[in-house]
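This is entry.cif (mmCIF, C-alpha atoms).
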```cif
data_upload
loop_
_atom_site.label_atom_id
_atom_site.label_comp_id
_atom_site.auth_asym_id
_atom_site.auth_seq_id
_atom_site.Cartn_x
_atom_site.Cartn_y
_atom_site.Cartn_z
CA MET A 42 9.62 31.78 22.47
CA ASP A 43 7.10 32.07 19.64
CA LEU A 44 3.77 31.02 21.13
CA VAL A 45 1.61 31.35 18.00
CA ASN A 46 -0.23 28.07 17.31
CA LYS A 47 1.68 26.34 20.12
CA LYS A 48 -0.32 23.69 22.00
CA VAL A 49 0.12 24.68 25.66
CA LEU A 50 -1.11 22.67 28.66
CA ILE A 51 -1.97 24.70 31.77
CA ILE A 52 -2.13 22.72 35.01
CA GLY A 53 -4.62 24.18 37.48
CA THR A 54 -7.94 25.95 36.92
CA GLY A 55 -7.65 28.58 39.65
CA ILE A 56 -7.03 32.30 39.15
CA SER A 57 -3.45 31.74 37.96
CA GLY A 58 -4.46 29.09 35.44
CA VAL A 59 -7.33 31.17 34.10
CA GLY A 60 -5.01 34.18 33.71
CA ALA A 61 -2.49 32.06 31.82
CA ALA A 62 -5.20 30.72 29.52
CA GLN A 63 -6.41 34.22 28.66
CA ALA A 64 -2.89 35.49 28.00
CA LEU A 65 -1.97 32.51 25.84
CA SER A 66 -5.17 32.74 23.82
CA SER A 67 -4.55 36.46 23.19
CA ALA A 68 -0.98 35.66 22.14
CA GLY A 69 -2.20 33.23 19.49
CA ALA A 70 -1.42 29.98 21.29
CA GLU A 71 -3.79 27.03 21.69
CA PRO A 72 -4.18 26.67 25.48
CA ILE A 73 -5.66 23.66 27.24
CA LEU A 74 -6.76 24.33 30.82
CA TYR A 75 -6.46 21.07 32.74
CA ASP A 76 -7.30 19.82 36.24
CA GLU A 77 -7.23 16.19 37.35
CA ASN A 78 -9.90 16.82 40.01
CA GLU A 79 -12.89 14.94 38.64
CA ASN A 80 -15.23 16.73 41.05
CA LEU A 81 -14.83 19.99 39.12
CA VAL A 82 -17.56 20.91 36.67
CA LYS A 83 -16.23 21.73 33.21
CA GLU A 84 -18.96 24.29 32.54
CA GLU A 85 -18.10 26.19 35.74
CA VAL A 86 -14.44 26.38 34.70
CA LEU A 87 -15.41 27.58 31.22
CA ALA A 88 -17.59 30.26 32.83
CA LYS A 89 -14.44 31.80 34.37
CA LEU A 90 -13.04 32.51 30.90
CA PRO A 91 -14.05 35.50 28.78
CA GLU A 92 -15.76 34.76 25.47
CA SER A 93 -12.67 35.91 23.60
CA CYS A 94 -10.56 33.17 25.24
CA LYS A 95 -10.27 30.16 22.95
CA ALA A 96 -9.06 27.71 25.58
CA GLU A 97 -10.06 24.06 25.77
CA VAL A 98 -10.93 22.71 29.24
CA ILE A 99 -10.23 19.12 30.29
CA ILE A 100 -11.20 17.69 33.67
CA GLY A 101 -10.08 14.30 35.00
CA SER A 102 -7.75 12.16 32.94
CA LEU A 103 -5.57 13.33 30.05
CA SER A 104 -5.15 11.08 27.03
CA ASP A 105 -1.75 10.07 25.71
CA GLU A 106 -2.76 11.53 22.38
CA ILE A 107 -3.16 15.02 23.87
CA LYS A 108 0.01 14.63 25.95
CA ASP A 109 1.97 13.95 22.76
CA GLU A 110 0.72 17.21 21.21
CA ILE A 111 1.84 19.46 24.08
CA GLU A 112 4.72 21.86 23.27
CA LEU A 113 4.81 23.86 26.53
CA LEU A 114 3.64 23.15 30.08
CA ILE A 115 2.43 25.95 32.38
CA LEU A 116 2.21 25.14 36.11
CA SER A 117 0.04 27.01 38.58
CA PRO A 118 2.01 27.88 41.76
CA GLY A 119 0.25 25.22 43.80
CA VAL A 120 1.46 22.40 41.55
CA PRO A 121 4.75 20.83 42.77
CA VAL A 122 7.46 20.63 40.10
CA ASP A 123 8.51 17.12 41.12
CA THR A 124 5.26 15.21 40.62
CA GLU A 125 5.21 12.13 38.41
CA PHE A 126 2.89 13.92 35.98
CA VAL A 127 5.27 16.87 35.53
CA GLU A 128 8.30 14.58 35.31
CA GLU A 129 6.64 12.79 32.40
CA PHE A 130 6.72 16.01 30.36
CA ARG A 131 10.18 16.99 31.59
CA ASN A 132 11.56 13.64 30.41
CA LYS A 133 10.16 14.37 26.94
CA GLY A 134 12.12 17.63 26.83
CA ILE A 135 9.00 19.82 27.13
CA ARG A 136 9.71 23.27 28.59
CA ILE A 137 8.00 23.89 31.93
CA TRP A 138 7.07 27.42 32.91
CA GLY A 139 5.03 29.03 35.64
CA GLU A 140 2.82 32.10 35.43
CA ILE A 141 5.73 34.46 36.12
CA GLU A 142 7.89 33.21 33.24
CA LEU A 143 4.93 33.28 30.84
CA ALA A 144 3.96 36.82 31.83
CA TYR A 145 7.55 38.05 31.55
CA GLU A 146 7.76 36.54 28.07
CA LEU A 147 4.63 38.44 27.03
CA GLY A 148 5.16 41.68 28.95
CA LYS A 149 7.05 44.93 28.39
CA GLY A 150 8.52 47.71 30.51
CA LYS A 151 10.42 47.61 33.79
CA VAL A 152 9.88 44.96 36.45
CA ILE A 153 10.28 45.05 40.24
CA ALA A 154 10.23 41.61 41.85
CA ILE A 155 9.80 41.24 45.61
CA THR A 156 10.14 37.96 47.48
CA GLY A 157 10.89 36.77 51.01
CA THR A 158 9.31 34.53 53.60
CA ASN A 159 7.46 37.42 55.21
CA GLY A 160 6.58 41.01 54.40
CA LYS A 161 6.10 40.49 50.65
CA THR A 162 2.50 41.67 50.45
CA THR A 163 2.99 44.81 52.55
CA THR A 164 6.18 45.78 50.73
CA THR A 165 4.74 45.04 47.30
CA SER A 166 1.62 47.06 48.05
CA LEU A 167 3.65 49.98 49.39
CA VAL A 168 6.07 49.95 46.45
CA GLY A 169 3.08 49.78 44.11
CA GLU A 170 1.58 52.91 45.68
CA ILE A 171 4.91 54.74 45.45
CA MET A 172 5.27 53.81 41.77
CA LYS A 173 1.68 54.94 41.04
CA ALA A 174 2.47 58.31 42.63
CA TYR A 175 5.28 58.86 40.09
CA TYR A 176 4.71 56.71 37.01
CA GLU A 177 1.63 56.76 34.78
CA SER A 178 1.43 53.05 33.93
CA VAL A 179 1.85 50.74 36.93
CA TYR A 180 0.60 47.20 37.62
CA VAL A 181 0.84 45.43 40.99
CA VAL A 182 0.71 41.70 40.35
CA GLY A 183 1.78 38.20 41.30
CA ASN A 184 1.30 36.31 44.54
CA ILE A 185 -0.56 39.35 45.91
CA GLY A 186 -3.71 38.08 44.17
CA ASN A 187 -3.58 39.72 40.71
CA PRO A 188 -2.18 37.30 38.12
CA TYR A 189 0.80 38.76 36.28
CA THR A 190 -0.55 37.21 33.08
CA MET A 191 -3.71 39.34 33.29
CA THR A 192 -1.75 42.55 32.69
CA ALA A 193 1.29 41.44 30.69
CA LEU A 194 -0.24 42.02 27.26
CA GLU A 195 -1.47 45.48 28.33
CA SER A 196 2.00 46.66 29.37
CA THR A 197 4.11 49.02 27.28
CA GLU A 198 7.76 50.05 27.35
CA ASP A 199 6.75 52.77 29.85
CA THR A 200 5.01 50.37 32.23
CA VAL A 201 6.34 49.52 35.70
CA THR A 202 5.22 46.11 36.96
CA VAL A 203 5.58 45.49 40.69
CA ALA A 204 5.40 41.75 41.33
CA GLU A 205 5.14 39.79 44.57
CA ILE A 206 6.89 36.51 43.81
CA SER A 207 6.67 33.30 45.85
CA SER A 208 9.24 30.52 46.05
CA PHE A 209 6.77 28.29 44.19
CA GLN A 210 6.69 30.74 41.28
CA LEU A 211 10.47 31.11 41.20
CA GLU A 212 10.98 27.37 40.74
CA THR A 213 9.89 27.62 37.11
CA ILE A 214 11.63 30.74 35.77
CA GLU A 215 14.08 30.71 32.85
CA GLU A 216 14.57 34.24 31.47
CA PHE A 217 12.70 36.25 34.13
CA HIS A 218 14.88 39.33 34.70
CA PRO A 219 13.66 42.12 37.02
CA ASN A 220 15.32 45.53 36.95
CA VAL A 221 15.06 45.67 40.73
CA SER A 222 14.67 42.63 42.96
CA ALA A 223 14.34 42.28 46.72
CA ILE A 224 14.62 39.38 49.14
CA LEU A 225 13.18 40.70 52.39
CA ASN A 226 14.13 37.70 54.54
CA ILE A 227 14.38 33.91 54.43
CA THR A 228 13.22 31.75 57.33
CA PRO A 229 11.96 28.14 57.36
CA ASP A 230 8.67 27.76 55.48
CA HIS A 231 7.03 25.48 52.91
CA LEU A 232 9.44 22.67 53.74
CA ASN A 233 6.66 20.20 52.97
CA ARG A 234 6.96 21.45 49.36
CA HIS A 235 10.69 22.22 49.03
CA HIS A 236 11.78 19.31 51.30
CA THR A 237 14.98 21.01 52.54
CA MET A 238 15.94 24.48 53.68
CA GLU A 239 18.68 24.49 51.04
CA ASN A 240 16.09 24.00 48.30
CA TYR A 241 13.89 26.74 49.73
CA VAL A 242 16.77 29.24 49.96
CA ALA A 243 17.87 28.38 46.41
CA ALA A 244 14.35 29.02 45.13
CA LYS A 245 14.22 32.46 46.77
CA GLU A 246 17.65 33.42 45.43
CA ARG A 247 16.48 32.73 41.88
CA VAL A 248 14.70 36.10 41.87
CA ALA A 249 18.09 37.65 41.01
CA GLU A 250 19.37 34.78 38.87
CA ASN A 251 19.31 36.68 35.58
CA GLN A 252 20.23 40.10 36.92
CA THR A 253 23.44 41.90 35.96
CA ARG A 254 25.51 44.70 37.48
CA ALA A 255 23.16 47.18 35.78
CA ASP A 256 20.34 45.95 38.04
CA VAL A 257 19.67 46.28 41.78
CA CYS A 258 18.98 43.68 44.45
CA VAL A 259 17.73 44.86 47.86
CA LEU A 260 18.62 42.56 50.76
CA ASN A 261 18.09 42.33 54.52
CA TYR A 262 21.45 42.63 56.29
CA GLU A 263 20.04 41.07 59.47
CA ASN A 264 19.03 37.80 57.83
CA GLU A 265 21.85 35.25 57.58
CA TYR A 266 20.68 33.88 54.24
CA THR A 267 20.14 37.20 52.48
CA ARG A 268 23.34 38.72 53.88
CA ALA A 269 25.32 35.74 52.58
CA PHE A 270 23.59 35.97 49.21
CA GLY A 271 24.83 39.54 48.84
CA ASP A 272 28.38 38.22 48.45
CA LYS A 273 27.50 36.23 45.33
CA CYS A 274 24.69 38.30 43.83
CA ARG A 275 25.64 39.74 40.43
CA ALA A 276 23.40 42.80 40.75
CA GLU A 277 24.29 45.93 42.71
CA VAL A 278 23.32 45.11 46.31
CA ILE A 279 21.60 47.57 48.63
CA TYR A 280 21.24 46.39 52.22
CA PHE A 281 18.79 47.52 54.88
CA SER A 282 19.16 46.84 58.61
CA SER A 283 16.98 47.22 61.70
CA VAL A 284 19.93 46.54 64.04
CA ASN A 285 23.26 47.66 62.62
CA LYS A 286 24.44 51.05 61.37
CA LEU A 287 25.52 50.43 57.79
CA ASN A 288 28.28 52.22 55.96
CA LYS A 289 26.14 51.94 52.83
CA GLY A 290 22.41 51.30 52.77
CA LEU A 291 19.38 52.05 54.95
CA TYR A 292 19.25 51.43 58.68
CA LEU A 293 17.21 52.11 61.81
CA ASP A 294 18.78 53.98 64.71
CA GLY A 295 16.41 54.85 67.55
CA GLU A 296 13.26 56.37 66.09
CA TYR A 297 14.80 57.33 62.75
CA ILE A 298 15.58 55.67 59.44
CA TYR A 299 18.93 56.76 58.02
CA GLN A 300 20.54 56.34 54.64
CA ALA A 301 24.30 56.07 54.15
CA ASP A 302 26.06 56.26 50.78
CA GLY A 303 29.56 55.40 51.98
CA GLN A 304 30.52 59.04 52.56
CA ARG A 305 27.53 60.85 54.02
CA ILE A 306 24.61 59.91 56.25
CA TYR A 307 21.10 61.29 55.71
CA ARG A 308 18.23 61.18 58.19
CA ILE A 309 15.20 60.04 56.19
CA MET A 310 12.17 59.83 58.50
CA ASN A 311 10.81 59.21 61.98
CA ILE A 312 9.18 55.78 62.15
CA HIS A 313 6.30 57.21 64.21
CA ASP A 314 5.30 59.29 61.19
CA MET A 315 3.92 56.19 59.47
CA ASN A 316 0.75 54.17 60.12
CA LEU A 317 2.47 50.77 60.04
CA VAL A 318 3.50 49.20 63.35
CA GLY A 319 6.28 46.81 64.36
CA ILE A 320 9.95 46.38 63.44
CA CYS A 321 8.94 44.07 60.60
CA ASN A 322 7.15 46.98 58.95
CA VAL A 323 10.10 49.32 59.52
CA GLU A 324 12.14 46.77 57.54
CA ASN A 325 9.47 46.67 54.85
CA VAL A 326 9.55 50.47 54.60
CA MET A 327 13.34 50.57 54.33
CA ALA A 328 13.19 47.98 51.56
CA ALA A 329 10.53 50.04 49.78
CA ILE A 330 12.66 53.19 50.00
CA ALA A 331 15.66 51.37 48.52
CA ILE A 332 13.54 49.92 45.70
CA ALA A 333 11.85 53.22 44.90
CA GLU A 334 15.11 55.19 44.86
CA SER A 335 16.55 52.57 42.51
CA MET A 336 13.62 53.36 40.22
CA ASN A 337 14.50 57.09 40.36
CA VAL A 338 11.44 58.15 42.36
CA PRO A 339 12.08 61.46 44.22
CA MET A 340 12.40 61.10 47.99
CA ASP A 341 9.59 63.56 48.76
CA ILE A 342 7.13 61.38 46.81
CA ILE A 343 8.44 58.24 48.52
CA LEU A 344 8.02 59.68 52.01
CA LYS A 345 4.58 61.18 51.41
CA THR A 346 3.32 57.82 50.15
CA ILE A 347 4.78 56.00 53.16
CA ARG A 348 3.15 58.43 55.60
CA ASP A 349 -0.25 57.98 53.92
CA PHE A 350 -0.01 54.19 53.56
CA LYS A 351 -2.30 52.00 55.70
CA ALA A 352 -1.58 48.42 56.76
CA VAL A 353 -2.39 45.69 54.28
CA GLU A 354 -5.49 43.69 55.13
CA HIS A 355 -4.74 40.61 57.30
CA ARG A 356 -1.20 41.76 58.22
CA ILE A 357 -1.12 43.17 61.77
CA GLU A 358 -4.31 44.97 60.78
CA PHE A 359 -6.09 46.92 63.52
CA VAL A 360 -9.76 45.92 63.37
CA ALA A 361 -11.54 47.72 66.21
CA THR A 362 -11.62 48.45 69.93
CA LYS A 363 -14.49 46.68 71.65
CA ARG A 364 -15.17 46.90 75.39
CA GLY A 365 -11.73 48.47 75.87
CA VAL A 366 -9.94 45.63 74.06
CA ASP A 367 -7.96 46.17 70.83
CA TYR A 368 -8.42 43.50 68.14
CA TYR A 369 -5.72 42.82 65.51
CA ASN A 370 -6.03 40.61 62.43
CA ASP A 371 -2.71 39.03 61.48
CA SER A 372 -4.17 36.08 59.57
CA LYS A 373 -1.34 36.41 57.06
CA GLY A 374 1.01 35.26 59.82
CA THR A 375 1.04 31.80 58.24
CA ASN A 376 4.42 30.67 59.58
CA PRO A 377 6.29 31.09 62.88
CA ASP A 378 8.57 33.89 61.68
CA ALA A 379 5.64 35.97 60.43
CA ALA A 380 3.83 35.39 63.70
CA ILE A 381 6.92 36.51 65.62
CA GLN A 382 6.56 39.89 63.93
CA GLY A 383 2.90 39.98 64.91
CA ILE A 384 3.47 39.42 68.62
CA ARG A 385 6.45 41.79 68.66
CA ALA A 386 4.16 44.54 67.36
CA MET A 387 1.87 44.20 70.38
CA SER A 388 2.44 46.61 73.28
CA LYS A 389 -0.34 45.32 75.58
CA PRO A 390 -1.14 42.06 77.40
CA THR A 391 -2.30 39.83 74.55
CA VAL A 392 -4.78 37.00 74.11
CA LEU A 393 -3.51 35.08 71.09
CA ILE A 394 -5.19 32.73 68.61
CA GLY A 395 -2.70 30.32 67.01
CA GLY A 396 -2.63 27.03 65.14
CA GLY A 397 -3.85 25.60 61.87
CA TYR A 398 -2.46 23.45 59.08
CA ASP A 399 0.84 21.67 59.74
CA LYS A 400 3.60 22.76 57.33
CA GLN A 401 6.17 20.86 59.40
CA SER A 402 7.28 24.03 61.15
CA GLU A 403 8.91 24.30 64.56
CA TYR A 404 7.44 26.77 67.04
CA ASP A 405 10.15 27.33 69.66
CA GLU A 406 11.31 30.73 68.38
CA TRP A 407 7.72 31.95 68.11
CA ILE A 408 6.90 30.91 71.67
CA LYS A 409 10.11 32.49 72.98
CA ALA A 410 9.12 35.75 71.27
CA PHE A 411 6.01 35.98 73.48
CA ASP A 412 8.31 37.63 76.04
CA GLY A 413 5.66 37.67 78.77
CA LYS A 414 3.05 39.40 76.60
CA VAL A 415 0.72 36.44 76.00
CA LYS A 416 -1.71 36.05 78.90
CA CYS A 417 -3.77 33.36 77.16
CA LEU A 418 -2.89 31.14 74.20
CA CYS A 419 -5.90 29.70 72.39
CA LEU A 420 -5.02 27.00 69.84
CA ILE A 421 -6.96 25.50 66.94
CA GLY A 422 -6.45 23.18 64.01
CA GLN A 423 -4.08 20.37 63.15
CA THR A 424 -1.13 21.84 65.08
CA ARG A 425 -2.83 22.71 68.35
CA GLU A 426 -1.37 19.84 70.40
CA LYS A 427 2.10 20.28 68.87
CA ILE A 428 2.13 24.00 69.69
CA ALA A 429 0.70 23.39 73.17
CA GLU A 430 3.51 20.98 74.00
CA CYS A 431 6.08 23.47 72.76
CA ALA A 432 4.51 26.31 74.76
CA LYS A 433 4.54 24.26 77.97
CA LYS A 434 8.32 23.81 77.63
CA TYR A 435 8.69 27.58 77.95
CA GLY A 436 6.40 28.00 80.92
CA ILE A 437 3.22 29.10 79.13
CA ALA A 438 0.49 27.93 81.50
CA ASN A 439 -2.78 29.42 80.25
CA ILE A 440 -3.33 27.32 77.11
CA VAL A 441 -6.78 26.48 75.78
CA LEU A 442 -7.56 24.10 72.90
CA ALA A 443 -10.62 24.98 70.84
CA ASP A 444 -12.54 22.79 68.40
CA SER A 445 -13.57 25.61 66.08
CA PHE A 446 -12.50 29.12 65.15
CA GLU A 447 -15.69 30.56 66.60
CA GLU A 448 -15.08 28.79 69.91
CA ALA A 449 -11.52 30.16 69.97
CA PHE A 450 -12.81 33.67 69.41
CA ASP A 451 -15.33 33.34 72.25
CA ILE A 452 -12.56 32.13 74.57
CA CYS A 453 -10.48 35.20 73.67
CA VAL A 454 -13.37 37.54 74.40
CA GLU A 455 -13.88 35.88 77.79
CA ASN A 456 -10.18 36.16 78.73
CA ALA A 457 -9.55 39.74 77.53
CA VAL A 458 -10.14 42.71 79.83
CA PRO A 459 -10.00 46.45 79.07
CA GLY A 460 -6.42 47.41 78.21
CA ASP A 461 -5.67 44.04 76.57
CA ALA A 462 -5.26 43.10 72.92
CA VAL A 463 -6.66 40.08 71.07
CA LEU A 464 -4.41 38.97 68.22
CA LEU A 465 -5.11 36.46 65.47
CA SER A 466 -1.60 35.45 64.38
CA PRO A 467 -1.72 31.69 63.82
CA ALA A 468 1.88 30.83 62.75
CA CYS A 469 0.21 28.25 60.49
CA ALA A 470 -1.55 28.05 57.15
CA SER A 471 -5.35 28.10 57.11
CA TRP A 472 -5.89 24.99 54.97
CA GLY A 473 -8.18 22.35 56.40
CA MET A 474 -10.35 24.91 58.20
CA PHE A 475 -10.46 27.67 55.55
CA LYS A 476 -9.81 28.07 51.83
CA ASN A 477 -7.09 30.62 52.53
CA TYR A 478 -5.81 33.09 55.12
CA GLU A 479 -8.09 35.81 53.70
CA GLU A 480 -11.21 33.82 54.56
CA ARG A 481 -9.84 33.20 58.06
CA GLY A 482 -9.07 36.90 58.53
CA ARG A 483 -12.47 38.01 57.24
CA LEU A 484 -14.25 35.70 59.69
CA PHE A 485 -12.19 37.13 62.55
CA LYS A 486 -13.07 40.68 61.53
CA ASP A 487 -16.76 39.80 61.20
CA LEU A 488 -16.77 38.30 64.69
CA VAL A 489 -15.03 41.40 66.09
CA ASN A 490 -17.37 43.85 64.38
CA ASN A 491 -20.42 41.91 65.54
CA LEU A 492 -19.40 42.22 69.19
CA GLU A 493 -21.66 44.49 71.19
CA GLU A 494 -20.02 47.46 72.88
#
```
Written as structure tokens, how would this file's structure read?
Amino acid sequence: MDLVNKKVLIIGTGISGVGAAQALSSAGAEPILYDENENLVKEEVLAKLPESCKAEVIIGSLSDEIKDEIELLILSPGVPVDTEFVEEFRNKGIRIWGEIELAYELGKGKVIAITGTNGKTTTTSLVGEIMKAYYESVYVVGNIGNPYTMTALESTEDTVTVAEISSFQLETIEEFHPNVSAILNITPDHLNRHHTMENYVAAKERVAENQTRADVCVLNYENEYTRAFGDKCRAEVIYFSSVNKLNKGLYLDGEYIYQADGQRIYRIMNIHDMNLVGICNVENVMAAIAIAESMNVPMDIILKTIRDFKAVEHRIEFVATKRGVDYYNDSKGTNPDAAIQGIRAMSKPTVLIGGGYDKQSEYDEWIKAFDGKVKCLCLIGQTREKIAECAKKYGIANIVLADSFEEAFDICVENAVPGDAVLLSPACASWGMFKNYEERGRLFKDLVNNLEE
């Protein structure tokens, strides 16, 4: 699509919207950065933009006159695609893109796209490090916190872009076509946005929508949705498994990761040779190996990078040992399935902080995964009563409801003894108490580090 002189409306003034405005301005379009929140200050939004960005900023209401001039609509990931405002443009035949589609339109080089309910950030970060160890021009972008649009115009034919892609971002793609895609897993999440599990699964599967047999799609054999998708995916499928020995693909057997090509089996590495903990991270590593090999990275470079790689911040991140108690920050465990991986990674009696914003999740599988490890469950936020009732069904007796995060932390300190672990793994989003899971995780780490020995 020729963007020169096109009047483009960008919905949302956060980091994604600002990145889109900069990219569109550089591409010769006429971007309008818009937010209906009348409490925003126009001058503060303008201050986010570089001087070279010729974007107009509108706060509050949007006139019919401006609406009639719009030729393309760009949605930030947080904007639902089925709002009345968006439908108004759709009914006029206006194309609706998200940041990912815009960046792909403007970018060059090869693209790796990684999605899934859980594990995206760790896998994307690891794959990014592997690519940087072999390729000269690499960008790690997307839902990981670096807008894809910020780097698209800097990319060349030799660039490798590693993108973490959310279901929200995949709703608005048209031509987006990664060379290698991966769906790490699909479990219930964001149903308040997608409304049904079928819609959520369909959004995730779109990551491979435009791929052909010349491309690769890496899938989790142990997830019912991704395994089924392998039967209809048009790209070459590479499976990984933490349970079954595969005839072709990567799998875990005992302490070792193996690779099978249909004829021979190769022992790749001992899982204790890496810094990451938990089966979820073994799966992330297997996915990363499959992705990297598909990008022709030599195995010795792949394995060295894996061995040197440290856990991503806020994802089963070891913080410190204080008074004989190990503290782990898993603030990125924002849904029950992610939190299951967090508690499974614990090998000690655990005092657990859970609860937060209600995304209409069910917590039975998470509670069942406690498997006798959780000696005290401290709950906060909107979901605390709902989780408490669920936990009682499964015989969890030591449940404490806290009115603040700080109170919850103090309760954990009081209940933990030397040899225990304290784990922040909420199984819920942070909204309502924090701006995001990063802020929640940083507060936890500050409280841990401020504890006296």
Item to complete: Counting all atoms listed in the file, figure out which residue out of A:Val221, A:Ile357, A:Leu74, A:Val120 gets nearest to Ile100 of chain A.
Response: A:Leu74
Worksheet entry | Computed interatomic separation between atom CA of Glu250 of chain A and atom CA of Val152 of chain A (Å) | 14.1 Å
Picked residues, the PyMOL selection byres ((chain A and resi 249) around 8), expected as a compact mmCIF listing (two decimals) with C-alpha atoms, in the frame of the given file:
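Saved the output as expr.txt:
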```
# COMPACT_ATOMS: atom_id res chain seq x y z
CA HIS A 218 14.88 39.33 34.70
CA PRO A 219 13.66 42.12 37.02
CA SER A 222 14.67 42.63 42.96
CA GLU A 246 17.65 33.42 45.43
CA ARG A 247 16.48 32.73 41.88
CA VAL A 248 14.70 36.10 41.87
CA GLU A 250 19.37 34.78 38.87
CA ASN A 251 19.31 36.68 35.58
CA GLN A 252 20.23 40.10 36.92
CA CYS A 258 18.98 43.68 44.45
CA CYS A 274 24.69 38.30 43.83
CA ARG A 275 25.64 39.74 40.43
CA ALA A 276 23.40 42.80 40.75
```
Worksheet item: Expressed in Å to a single decimal, how great is the separation between atom CA of Val441 of chain A and atom CA of Pro229 of chain A?
Response: 26.3 Å
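The interatomic distance for the pair atom CA of Tyr145 of chain A and atom CA of Glu215 of chain A works out to 9.9 Å.
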Fill in: Shell of 12 Å around Phe359 of chain A, only C-alpha atoms, local chain residues under 5 positions omitted, as a PyMOL selection string
chain A and resi 316-318+351-354+366-372+383+386-387+462-465+482+485-486+489-490
Residue selection dump (C-alpha atoms) as a PDB file, in the frame of the given file:
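And here's result32.pdb as it stands now:
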```
ATOM      1  CA  ASN A 316       0.750  54.170  60.120  1.00  0.00           C
ATOM      2  CA  LEU A 317       2.470  50.770  60.040  1.00  0.00           C
ATOM      3  CA  VAL A 318       3.500  49.200  63.350  1.00  0.00           C
ATOM      4  CA  LYS A 351      -2.300  52.000  55.700  1.00  0.00           C
ATOM      5  CA  ALA A 352      -1.580  48.420  56.760  1.00  0.00           C
ATOM      6  CA  VAL A 353      -2.390  45.690  54.280  1.00  0.00           C
ATOM      7  CA  GLU A 354      -5.490  43.690  55.130  1.00  0.00           C
ATOM      8  CA  VAL A 366      -9.940  45.630  74.060  1.00  0.00           C
ATOM      9  CA  ASP A 367      -7.960  46.170  70.830  1.00  0.00           C
ATOM     10  CA  TYR A 368      -8.420  43.500  68.140  1.00  0.00           C
ATOM     11  CA  TYR A 369      -5.720  42.820  65.510  1.00  0.00           C
ATOM     12  CA  ASN A 370      -6.030  40.610  62.430  1.00  0.00           C
ATOM     13  CA  ASP A 371      -2.710  39.030  61.480  1.00  0.00           C
ATOM     14  CA  SER A 372      -4.170  36.080  59.570  1.00  0.00           C
ATOM     15  CA  GLY A 383       2.900  39.980  64.910  1.00  0.00           C
ATOM     16  CA  ALA A 386       4.160  44.540  67.360  1.00  0.00           C
ATOM     17  CA  MET A 387       1.870  44.200  70.380  1.00  0.00           C
ATOM     18  CA  ALA A 462      -5.260  43.100  72.920  1.00  0.00           C
ATOM     19  CA  VAL A 463      -6.660  40.080  71.070  1.00  0.00           C
ATOM     20  CA  LEU A 464      -4.410  38.970  68.220  1.00  0.00           C
ATOM     21  CA  LEU A 465      -5.110  36.460  65.470  1.00  0.00           C
ATOM     22  CA  GLY A 482      -9.070  36.900  58.530  1.00  0.00           C
ATOM     23  CA  PHE A 485     -12.190  37.130  62.550  1.00  0.00           C
ATOM     24  CA  LYS A 486     -13.070  40.680  61.530  1.00  0.00           C
ATOM     25  CA  VAL A 489     -15.030  41.400  66.090  1.00  0.00           C
ATOM     26  CA  ASN A 490     -17.370  43.850  64.380  1.00  0.00           C
TER      27      ASN A 490
END
```
Item to complete: For segment 159-171 of chain A, list every protein, DNA or RNA residue within 7 Å, evaluated using only C-alpha atoms, and leave out those in the same chain fewer than 4 positions away; present the list as a ChimeraX atom specification.
Response: /A:155,175,181,185,203-205,225-226,325-326,329,333,343,346,350,353,379
Just C-alpha atoms for this one: save the residues we selected as a short mmCIF file (atom, residue, chain, number, x, y, z; two decimals), in the coordinates of the input.
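So the final result, stored in again.cif, reads:
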```
data_model
loop_
_atom_site.label_atom_id
_atom_site.label_comp_id
_atom_site.auth_asym_id
_atom_site.auth_seq_id
_atom_site.Cartn_x
_atom_site.Cartn_y
_atom_site.Cartn_z
CA ILE A 155 9.80 41.24 45.61
CA TYR A 175 5.28 58.86 40.09
CA VAL A 181 0.84 45.43 40.99
CA ILE A 185 -0.56 39.35 45.91
CA VAL A 203 5.58 45.49 40.69
CA ALA A 204 5.40 41.75 41.33
CA GLU A 205 5.14 39.79 44.57
CA LEU A 225 13.18 40.70 52.39
CA ASN A 226 14.13 37.70 54.54
CA ASN A 325 9.47 46.67 54.85
CA VAL A 326 9.55 50.47 54.60
CA ALA A 329 10.53 50.04 49.78
CA ALA A 333 11.85 53.22 44.90
CA ILE A 343 8.44 58.24 48.52
CA THR A 346 3.32 57.82 50.15
CA PHE A 350 -0.01 54.19 53.56
CA VAL A 353 -2.39 45.69 54.28
CA ALA A 379 5.64 35.97 60.43
#
```
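Applied to this file, the PyMOL selection byres ((chain A and resi 110) around 10) selects Lys47, Lys48, Val49, Leu50, Asp105, Glu106, Ile107, Lys108, Asp109, Ile111, Glu112 and Leu113 of chain A.
In terms of minimum interatomic distance to Arg136 of chain A, A:Ile214 ranks closest within A:Ala62, A:Val82, A:Thr391, A:Ile214, counting all atoms listed in the file.
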When you look at Glu77 of chain A with a cut-off of 12 Å (counting all atoms listed in the file), what residues show up, excluding the ones that are within fewer than 5 positions of it in the same chain? I need them as a short mmCIF file (atom, residue, chain, number, x, y, z; two decimals) with C-alpha atoms, in the coordinates of the input.
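Wrote it out as part.cif, contents follow:
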```
data_model
loop_
_atom_site.label_atom_id
_atom_site.label_comp_id
_atom_site.auth_asym_id
_atom_site.auth_seq_id
_atom_site.Cartn_x
_atom_site.Cartn_y
_atom_site.Cartn_z
CA ILE A 51 -1.97 24.70 31.77
CA ILE A 52 -2.13 22.72 35.01
CA GLY A 53 -4.62 24.18 37.48
CA THR A 54 -7.94 25.95 36.92
CA VAL A 82 -17.56 20.91 36.67
CA LYS A 83 -16.23 21.73 33.21
CA VAL A 98 -10.93 22.71 29.24
CA ILE A 99 -10.23 19.12 30.29
CA ILE A 100 -11.20 17.69 33.67
CA GLY A 101 -10.08 14.30 35.00
CA SER A 102 -7.75 12.16 32.94
CA LEU A 103 -5.57 13.33 30.05
CA SER A 104 -5.15 11.08 27.03
CA VAL A 120 1.46 22.40 41.55
CA PHE A 126 2.89 13.92 35.98
#
```
